[in-house]
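In what follows, a structure is listed as structure tokens, so that the remarks can point back to it.
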Amino acid sequence: MIRLALVGLGKIARDQHLPAIAKTEGIELVAIASRNATLEGVPHFASLDELLASGVAVDAVALCTPPQVRREQATLALSHGKHVLLEKPPGATVSELAPLVAAADASGRTLFATWHSRFAPAVEPARAFLAEHAPRAVTVEWKEDVRVWHPGQDWIFEPGGLGVFDPGINALSILTHILPAPFFLTKATLGFPANRDAPIEATLDFADNAGVPIRAELDFLQTGPQTWDIHVETAAGRLTLSLGGSKLFLDGTSLIEAPEAEYPGIYKHFVDLVARGASDVDLAPLQHVADAFLLGRRIVVAPFEG
Ligand code: NAP
């Protein structure tokens with residue numbers, strides 16, 4: 001049984017991690033480390049340092065804090081011999097992951113950089129379909145309202161918070177998993193609110209070696225219906241992954257419609273990785289975001305007041 005401490009008891013920890021841990025065999029919640037939040041019936045510590053110094057028996061930590069503080073926490077946990085599960089994105093930079101991977105390898109501990117959208121029920125079927133039917137063109141529409149999904153989360157518009165790439169990286173985590181060939185950024189435009197340090201909208205153009213065009217439109221100010229869709233044109237028809245990977249359609253006909261089970265999938269995989277003494281760190285989605293910051297033309301858009 002893996003004795004797990006959850007670090008950063010915020011929105012995603014409460015919405016998804018707690019219920020998923022509770023229903024996963026082989027793992028149990030034994031402590032919370034969070035500066036302000038507590039959970040009834042579970043030992044609480046104000047920081048990861050306090051937790052590790054307390055001597056409470058913990059095998060693993062799940063870091064549900066914002067990306068800007070995770071490298072330090074992961075380094076500390078690994079140095080104390082703990083397995084580490086990282087929420088997405090795995091860090092605030094790409095290069096900060098290499099020392100973590102090295103530390104996990106050296107200590108024989110598991111480091112798992114999670115991509116929750118890859119565990120959505122229609123993702124594996126989409127990958128299998130595209131292995132048989134080559135993509136001809138891809139369009140991504142990832143448009144949500146930051147005021148609804150991230151109220152009061154100032155870190156998201158601070159350096160390293162990724163802005164609209166915080167949700168947009170979920171689309172990239174799906175694309176890098178389902179498309180049969182690697183792809184690269186050719187052009188990007190990023191809209192930065194005049195008063196913020198991270199983009200609130202982005203348009204990205206990618207291609208692969210065969211010249212298949214991939215266009216992604218990301219927006220963090222979508223009102224009305226929210227859109228998390230990927231469309232792939234193939235000789236067999238138009239494949240649509242909808243609602244963040246939970247539904248799959250071919251030319252509008254439903255192929256898959258299954259209940260959401262992303263986080264149980266994450267914890268099942270974590271338990272398996274620990275049992276096998278393995279790690280799972282794929283940085284491809286974060287590399288694409290870094291490329292967008294490198295290559296993207298920056299425009300200034302209206303200030304965002306929250
Ligand atoms: P959140 O609600 O702000 O929760 C993060 C928690 O971490 C905070 O409640 C806070 O708890 C702690 N924290 C914040 N700043 C910290 C700091 N500087 N040092 C140490 N602890 C700090 O954010 P969230 O929405 O849960 O997102 C956390 C991560 O999960 C992000 O990387 C996000 O991309 C990912 N995620 C979010 C969602 C979603 O729908 N919100 C979905 C999937 C993945 P204390 O004040 O108690 O320490």
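All residue names refer to the structure tokens as shown: chains lettered A, B, ... in order, residues numbered from 1 in each chain, ligands numbered from 1 in order.
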For stretch 112-119 of chain A, find every residue with an atom within 7 Å (counting only C-alpha atoms), except residues of its own chain fewer than 2 positions away, and show them as a CSV table (one decimal) with N, CA, C and O atoms, in the first residue's frame.
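Final output, saved to selection21.csv:
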```csv
chain,number,residue,atom,x,y,z
A,84,VAL,N,7.1,10.6,-6.6
A,84,VAL,CA,6.5,11.9,-6.9
A,84,VAL,C,5.6,11.9,-8.1
A,84,VAL,O,5.9,11.4,-9.2
A,85,LEU,N,4.3,12.4,-7.9
A,85,LEU,CA,3.4,12.5,-8.9
A,85,LEU,C,3.2,14.0,-9.1
A,85,LEU,O,2.9,14.8,-8.2
A,86,LEU,N,3.4,14.5,-10.4
A,86,LEU,CA,3.3,15.9,-10.7
A,86,LEU,C,2.0,16.2,-11.5
A,86,LEU,O,1.7,15.5,-12.4
A,87,GLU,N,1.3,17.2,-11.0
A,87,GLU,CA,0.1,17.6,-11.8
A,87,GLU,C,0.7,18.2,-13.1
A,87,GLU,O,1.9,18.5,-13.2
A,88,LYS,N,-0.2,18.4,-14.1
A,88,LYS,CA,0.3,19.1,-15.3
A,88,LYS,C,0.2,20.6,-15.2
A,88,LYS,O,-0.6,21.0,-14.4
A,90,PRO,N,4.2,19.8,-16.1
A,90,PRO,CA,5.2,19.2,-15.1
A,90,PRO,C,6.1,20.2,-14.4
A,90,PRO,O,6.6,20.0,-13.3
A,110,THR,N,9.9,6.6,-8.3
A,110,THR,CA,9.0,6.9,-9.4
A,110,THR,C,8.8,8.4,-9.5
A,110,THR,O,8.5,9.0,-8.6
A,121,PRO,N,-11.6,8.9,-22.1
A,121,PRO,CA,-11.9,7.6,-22.6
A,121,PRO,C,-11.8,7.5,-24.2
A,121,PRO,O,-11.6,6.4,-24.7
A,123,VAL,N,-9.5,8.9,-26.1
A,123,VAL,CA,-8.2,9.2,-26.6
A,123,VAL,C,-7.5,8.0,-27.2
A,123,VAL,O,-7.0,8.0,-28.3
A,170,ASN,N,-3.4,20.8,-22.4
A,170,ASN,CA,-4.1,19.5,-22.4
A,170,ASN,C,-4.4,19.0,-23.9
A,170,ASN,O,-4.3,17.8,-24.2
A,173,SER,N,-1.2,17.7,-25.1
A,173,SER,CA,-0.9,16.3,-24.6
A,173,SER,C,-1.7,15.3,-25.3
A,173,SER,O,-1.2,14.1,-25.5
A,174,ILE,N,-2.9,15.6,-25.8
A,174,ILE,CA,-3.7,14.6,-26.6
A,174,ILE,C,-3.1,14.5,-28.0
A,174,ILE,O,-2.8,13.4,-28.5
A,244,GLY,N,-12.8,17.5,-24.5
A,244,GLY,CA,-11.5,17.2,-23.9
A,244,GLY,C,-11.1,15.8,-24.0
A,244,GLY,O,-10.3,15.3,-23.3
A,245,GLY,N,-11.7,15.1,-25.0
A,245,GLY,CA,-11.3,13.7,-25.2
A,245,GLY,C,-12.3,12.7,-24.6
A,245,GLY,O,-12.0,11.5,-24.6
A,262,GLU,N,-10.6,10.2,-15.9
A,262,GLU,CA,-9.2,10.6,-16.1
A,262,GLU,C,-8.3,10.3,-14.9
A,262,GLU,O,-7.2,9.7,-14.9
A,263,TYR,N,-8.7,10.8,-13.7
A,263,TYR,CA,-7.9,10.8,-12.5
A,263,TYR,C,-7.8,9.4,-11.9
A,263,TYR,O,-6.7,9.0,-11.5
A,265,GLY,N,-7.6,6.9,-13.7
A,265,GLY,CA,-6.6,6.3,-14.6
A,265,GLY,C,-5.2,6.7,-14.3
A,265,GLY,O,-4.3,5.9,-14.3
A,266,ILE,N,-5.1,8.0,-13.9
A,266,ILE,CA,-3.8,8.5,-13.4
A,266,ILE,C,-3.3,7.7,-12.2
A,266,ILE,O,-2.1,7.3,-12.2
A,270,PHE,N,0.0,5.3,-11.7
A,270,PHE,CA,1.0,5.6,-10.7
A,270,PHE,C,1.3,4.4,-9.8
A,270,PHE,O,2.5,4.1,-9.6
A,279,SER,N,9.5,5.2,-14.1
A,279,SER,CA,9.0,6.6,-14.1
A,279,SER,C,8.4,6.8,-15.5
A,279,SER,O,8.5,6.0,-16.4
A,280,ASP,N,7.6,7.9,-15.6
A,280,ASP,CA,6.9,8.3,-16.8
A,280,ASP,C,6.9,9.8,-16.9
A,280,ASP,O,6.2,10.5,-16.2
A,281,VAL,N,7.8,10.3,-17.7
A,281,VAL,CA,8.0,11.7,-17.9
A,281,VAL,C,8.1,12.0,-19.4
A,281,VAL,O,9.1,11.7,-20.0
A,282,ASP,N,7.0,12.6,-20.0
A,282,ASP,CA,7.0,12.9,-21.4
A,282,ASP,C,6.9,14.4,-21.5
A,282,ASP,O,5.8,15.0,-21.1
```
### Task
Set the cut-off to 7 Å, count only C-alpha atoms and all ligand atoms, and list whatever residues fall near ligand 1 as a list in words.
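Listed by chain and ascending number, the contacts are Gly8, Leu9, Gly10, Lys11, Ile12, Ala13, Ser34, Arg35, Asn36, Ala37, Cys64, Thr65, Pro66, Pro67, Val69, Glu87, Lys88, Pro89, His116, Trp149, His150, Gln153, Asp166 and Pro167 of chain A.
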### Message
Considering only C-alpha atoms, can you say which of A:Ala302, A:Ala126, A:Leu286, A:Ala278 comes closest to A:Leu241?
### Response
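Looking at the shortest contact to A:Leu241, the residue is A:Ala126.
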### Task
Using only C-alpha atoms, determine which residues lie at most 7 Å from stretch 176-186 of chain A, disregarding the query and same-chain residues fewer than 5 positions distant; provide the list as number ranges by chain.
A: 126-127, 130-131, 205-208, 284-285, 291
### Task
Could you tell me how far atom CA of A:Gly55 lies from atom CA of A:Asp105, in Å and to one decimal?
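Taking atom CA of A:Gly55 as the start and atom CA of A:Asp105 as the end point, the length is 24.0 Å.
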#### Entry: Selection: 12 Å around stretch 274-276 of chain A, only C-alpha atoms, excl. self and same-chain fewer than 3 positions, as a count of residues only
25
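When only C-alpha atoms are used to compute distances to A:Pro213, the closest of the residues A:Gln73, A:Ser95, A:Thr139, A:Ser79 turns out to be A:Thr139.
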### Task
Please return as a PyMOL selection string: the residues of stretch 49-269 of chain A that backbone DSSP assigns to helix (DSSP H, G or I).
chain A and resi 49-54+67-79+97-107+116-119+123-132+146-149+154-157+165-178+243-245+262-269
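The nearest approach to A:Thr75 among the residues A:Ala103, A:Ala92, A:Ala53, A:Ala258, with only C-alpha atoms taken into account, belongs to A:Ala103.
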